[in-house]
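What follows is a short report on a single structure.
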Amino acid sequence: MKPIAALRLHCSAAFLALLALAVAAPAQQTSALRIGWVLSGTAENSRHLIEAMRAGLADEGLVVGRGVELDVRFTEGRPERYAEQFADLIKKPVHVLAASGHAGISAARDASGGRIPVAAYFCGNAVDQMVESFAKPGGNITGVSCLSAELAAKRIELLKDALPSLRRIGFLYDPRIPGKDKELAKTREIAGKLGMTVTAATASAAEDFEDAFAALYRDRAEAVVISEDAFTFAHRARIVAQAAVHQMVDISAYREFVLAGGVMSYGANSVERLRHQARYAARMARGIKPWDLPIDQATRFEFVVSLKAARARGVTIPQRLLLRADEVIE
């Protein structure tokens, strides 16, 4: 072969190789979707939630490990860690951020700088603190709501039905969350109509729960309503353990509290809600704008009772109440 012809052939082959790389590189880059998620608990007590995330993404055709990376971090019950976890997540390209509760959603919003969509799980905080409205969220945040605060009346009624002679109940909440004072006022109003008074206790760190329950006990609270938020959810085992020590009947928003040793729960199913949150994350990762996705409101709620926990507290749950339960744990 002549030198000139060989040179032309070599240049052509090199050009084709470079062209192939140029075509392949963008395809490889755009096919990898990364979703950064921060949970309030630990890896151990959040396994079922991670499975729900994976299932929700799969519902929308996104399979983790097949062009999709699900990067999950944990605050381990310390809300101040949300900021550092999200700051670390955005060091690499991320298509969607996801979080629950006021502290988590706020940290995701701040880290996103308005540029990264945020899939939110509004639990224990008013939606209007973060978005314009349910129908038109505006901005870069949308997601699902559990409507927990709106179910306060139902939980107090269930407590009264479980303990007809109940006269004083406790209300445990995290004062750092905006709107909890209104929730406390509403709880007192509802309880007053049923002939009960409410004593409140606050907790902002894991070490506060023992003192909080001791204060409720001194105020002669016989039962306790656990206000919902990501912080209390992360510490559910510690909370229901303190309720048991002080022989208080507890009611919360999620069945996870009952599974951890609590007596009753009434609210949306956390696994179902989080799975739907993951569907929202998937849609936004594929390019749907947050403001085009109305916030989804929970419409199905479950009532769970643990007879084992009730007996341990010396309480007999009336049969008429058990017949209303969606699940009774023996």
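Labels used: A, B, ... for chains in the order of the structure tokens, numbers from 1 for residues in each chain, and numbers from 1 for ligands as shown.
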How close does each residue of segment 268-308 of chain A get to segment 141-146 of chain A, giving the shortest atom pair and distance in Å to one decimal for every residue with an atom at most 6 Å away, counting only C-alpha atoms, sorted by chain and residue number, as CSV?
residue,atom,partner,partner_atom,distance
A:Ala268,CA,A:Cys146,CA,5.8
A:Gln277,CA,A:Gly143,CA,5.8
A:Pro290,CA,A:Thr142,CA,5.7
A:Ile295,CA,A:Gly143,CA,5.1
A:Asp296,CA,A:Val144,CA,4.6
A:Gln297,CA,A:Ser145,CA,5.0
A:Ala298,CA,A:Cys146,CA,5.1
Dump of N, CA and C atoms for the selected residues, as a short mmCIF file (atom, residue, chain, number, x, y, z; two decimals), in the first residue's frame:
data_model
loop_
_atom_site.label_atom_id
_atom_site.label_comp_id
_atom_site.auth_asym_id
_atom_site.auth_seq_id
_atom_site.Cartn_x
_atom_site.Cartn_y
_atom_site.Cartn_z
N ALA A 268 -52.31 7.80 57.48
CA ALA A 268 -51.99 7.24 56.17
C ALA A 268 -50.89 6.19 56.32
N GLN A 277 -44.41 9.01 46.67
CA GLN A 277 -43.39 10.06 46.62
C GLN A 277 -42.29 9.67 45.62
N PRO A 290 -41.84 20.24 38.30
CA PRO A 290 -42.53 20.14 39.59
C PRO A 290 -43.85 20.89 39.62
N ILE A 295 -49.84 18.46 44.26
CA ILE A 295 -49.51 17.67 45.44
C ILE A 295 -50.63 16.66 45.70
N ASP A 296 -50.25 15.41 45.88
CA ASP A 296 -51.22 14.34 46.08
C ASP A 296 -51.59 14.24 47.56
N GLN A 297 -52.89 14.26 47.83
CA GLN A 297 -53.38 14.17 49.20
C GLN A 297 -53.82 12.75 49.53
N ALA A 298 -53.49 12.31 50.73
CA ALA A 298 -53.90 10.97 51.16
C ALA A 298 -55.41 10.89 51.26
#
> What's the 12 Å shell around Leu216 of chain A, counting only C-alpha atoms, without same-chain residues fewer than 5 positions away, as a PyMOL selection string?
Replying inline: chain A and resi 168-172+198-202+209-211+221-225+242-243+246-248
Segment 244-295 of chain A near segment 53-70 of chain A within 10 Å: what's each residue's closest atom pair and its distance in Å to one decimal, counting only C-alpha atoms, ordered by chain then ascending residue number, as a Markdown table?
| residue | atom | partner | partner_atom | distance |
| --- | --- | --- | --- | --- |
| A:Val271 | CA | A:Met53 | CA | 8.6 |
| A:Glu272 | CA | A:Gly56 | CA | 9.0 |
| A:Arg273 | CA | A:Gly56 | CA | 9.7 |
| A:Leu274 | CA | A:Met53 | CA | 6.6 |
| A:Arg275 | CA | A:Gly56 | CA | 4.5 |
| A:His276 | CA | A:Gly56 | CA | 6.0 |
| A:Gln277 | CA | A:Gly56 | CA | 7.5 |
| A:Ala278 | CA | A:Gly56 | CA | 4.8 |
| A:Arg279 | CA | A:Gly56 | CA | 4.9 |
| A:Tyr280 | CA | A:Leu57 | CA | 8.5 |
| A:Ala281 | CA | A:Leu57 | CA | 7.6 |
| A:Ala282 | CA | A:Leu57 | CA | 5.6 |
| A:Arg283 | CA | A:Glu60 | CA | 7.2 |
| A:Ala285 | CA | A:Leu62 | CA | 9.5 |
| A:Arg286 | CA | A:Leu62 | CA | 9.3 |
>> Quick one: residues within 6 Å of Pro137 of chain A, only C-alpha atoms, excluding same-chain residues fewer than 5 positions away - as a list in words?
In response: Val131, Glu132 and Trp291 of chain A
Could you give me, as CSV, a per-residue list for segment 211-243 of chain A showing, wherever an atom lies at most 9 Å from an atom of segment 72-95 of chain A, the closest pair of atoms and their distance in Å to one decimal, using only C-alpha atoms and sorting by chain then residue number from low to high?
residue,atom,partner,partner_atom,distance
A:Ala230,CA,A:Gly77,CA,8.2
A:Phe231,CA,A:Gly77,CA,5.8
A:Thr232,CA,A:Gly77,CA,8.0
A:Phe233,CA,A:Gly77,CA,8.4
A:Ala234,CA,A:Gly77,CA,5.2
A:His235,CA,A:Gly77,CA,6.4
> Which residues in segment 71-295 of chain A does DSSP call helix (DSSP H, G or I)? List them as a ChimeraX atom specification.
Replying inline: /A:81-89,101-112,127-129,149-162,180-193,208-218,230-234,236-245,255-259,270-285,290-292
>> What parts of segment 39-155 of chain A does DSSP call strand (DSSP E)? I'd like the answer as a list in words.
In response: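 Residues meeting the strand (DSSP E) criterion: Leu39, Val68, Glu69, Leu70, Asp71, Val72, Arg73, Phe74, Val96, Leu97, Ala98, Ala99, Ser100, Val118, Ala119, Ala120, Tyr121, Phe122, Ile141, Thr142, Gly143, Val144 and Ser145 of chain A.
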Keeping only N, CA and C atoms, write the selected residues to a file as a compact mmCIF listing (two decimals), in the first residue's frame.
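As a result, out27.txt now contains:
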# COMPACT_ATOMS: atom_id res chain seq x y z
N LEU A 39 -33.33 10.32 54.61
CA LEU A 39 -34.35 9.83 55.53
C LEU A 39 -33.99 10.23 56.96
N VAL A 68 -30.11 3.90 36.78
CA VAL A 68 -30.68 4.74 37.85
C VAL A 68 -29.89 4.49 39.13
N GLU A 69 -29.45 5.56 39.77
CA GLU A 69 -28.76 5.46 41.05
C GLU A 69 -29.63 6.10 42.13
N LEU A 70 -29.93 5.34 43.18
CA LEU A 70 -30.67 5.84 44.32
C LEU A 70 -29.68 6.00 45.47
N ASP A 71 -29.33 7.24 45.77
CA ASP A 71 -28.34 7.55 46.80
C ASP A 71 -29.08 7.96 48.07
N VAL A 72 -29.15 7.05 49.04
CA VAL A 72 -29.92 7.28 50.26
C VAL A 72 -28.99 7.60 51.42
N ARG A 73 -29.29 8.66 52.14
CA ARG A 73 -28.54 9.06 53.33
C ARG A 73 -29.50 9.08 54.52
N PHE A 74 -28.94 9.15 55.74
CA PHE A 74 -29.74 9.10 56.96
C PHE A 74 -29.28 10.17 57.95
N VAL A 96 -32.84 14.70 41.09
CA VAL A 96 -33.95 14.98 42.00
C VAL A 96 -33.46 14.79 43.44
N LEU A 97 -33.95 15.64 44.34
CA LEU A 97 -33.72 15.46 45.77
C LEU A 97 -35.06 15.07 46.41
N ALA A 98 -35.00 14.32 47.51
CA ALA A 98 -36.24 13.90 48.17
C ALA A 98 -36.06 13.89 49.67
N ALA A 99 -37.11 14.30 50.39
CA ALA A 99 -37.06 14.33 51.85
C ALA A 99 -38.47 14.39 52.41
N SER A 100 -38.55 14.24 53.74
CA SER A 100 -39.84 14.29 54.45
C SER A 100 -39.77 15.29 55.59
N VAL A 118 -37.51 18.90 43.89
CA VAL A 118 -37.57 18.27 45.20
C VAL A 118 -38.88 17.50 45.33
N ALA A 119 -38.77 16.19 45.56
CA ALA A 119 -39.94 15.35 45.82
C ALA A 119 -40.14 15.31 47.33
N ALA A 120 -41.24 15.88 47.80
CA ALA A 120 -41.45 16.06 49.24
C ALA A 120 -42.55 15.16 49.77
N TYR A 121 -42.37 14.77 51.03
CA TYR A 121 -43.41 14.05 51.77
C TYR A 121 -43.79 14.97 52.92
N PHE A 122 -44.92 15.66 52.77
CA PHE A 122 -45.37 16.62 53.77
C PHE A 122 -46.04 15.87 54.91
N ILE A 141 -40.72 22.48 44.21
CA ILE A 141 -41.12 21.46 45.20
C ILE A 141 -42.54 20.97 44.94
N THR A 142 -42.71 19.66 44.94
CA THR A 142 -44.03 19.05 44.93
C THR A 142 -43.90 17.67 45.56
N GLY A 143 -45.01 16.94 45.68
CA GLY A 143 -44.92 15.62 46.29
C GLY A 143 -46.25 15.15 46.83
N VAL A 144 -46.21 14.53 48.02
CA VAL A 144 -47.39 13.92 48.61
C VAL A 144 -47.60 14.44 50.03
N SER A 145 -48.85 14.41 50.47
CA SER A 145 -49.20 14.84 51.81
C SER A 145 -49.95 13.73 52.52
> Separation of atom CA of Ala206 of chain A and atom CA of Glu228 of chain A, in Å?
Replying inline: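 Between atom CA of Ala206 of chain A and atom CA of Glu228 of chain A the gap is 15.3 Å.
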> If you measure from atom CA of Pro175 of chain A to atom CA of Gly101 of chain A, what distance in Å do you get, rounded to one decimal?
Replying inline: 13.4 Å
> What does the distance from atom CA of Val305 of chain A to atom CA of Ile329 of chain A come to in Å, to one decimal?
Replying inline: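 Answer for the atom CA of Val305 of chain A to atom CA of Ile329 of chain A separation: 6.1 Å.
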> Looking at A:Asp128, A:Glu51, A:Asp219, A:Glu330, which one is nearest to Lys308 of chain A, with distances taken over only C-alpha atoms?
Replying inline: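 Looking at the shortest contact to Lys308 of chain A, the residue is A:Glu330.
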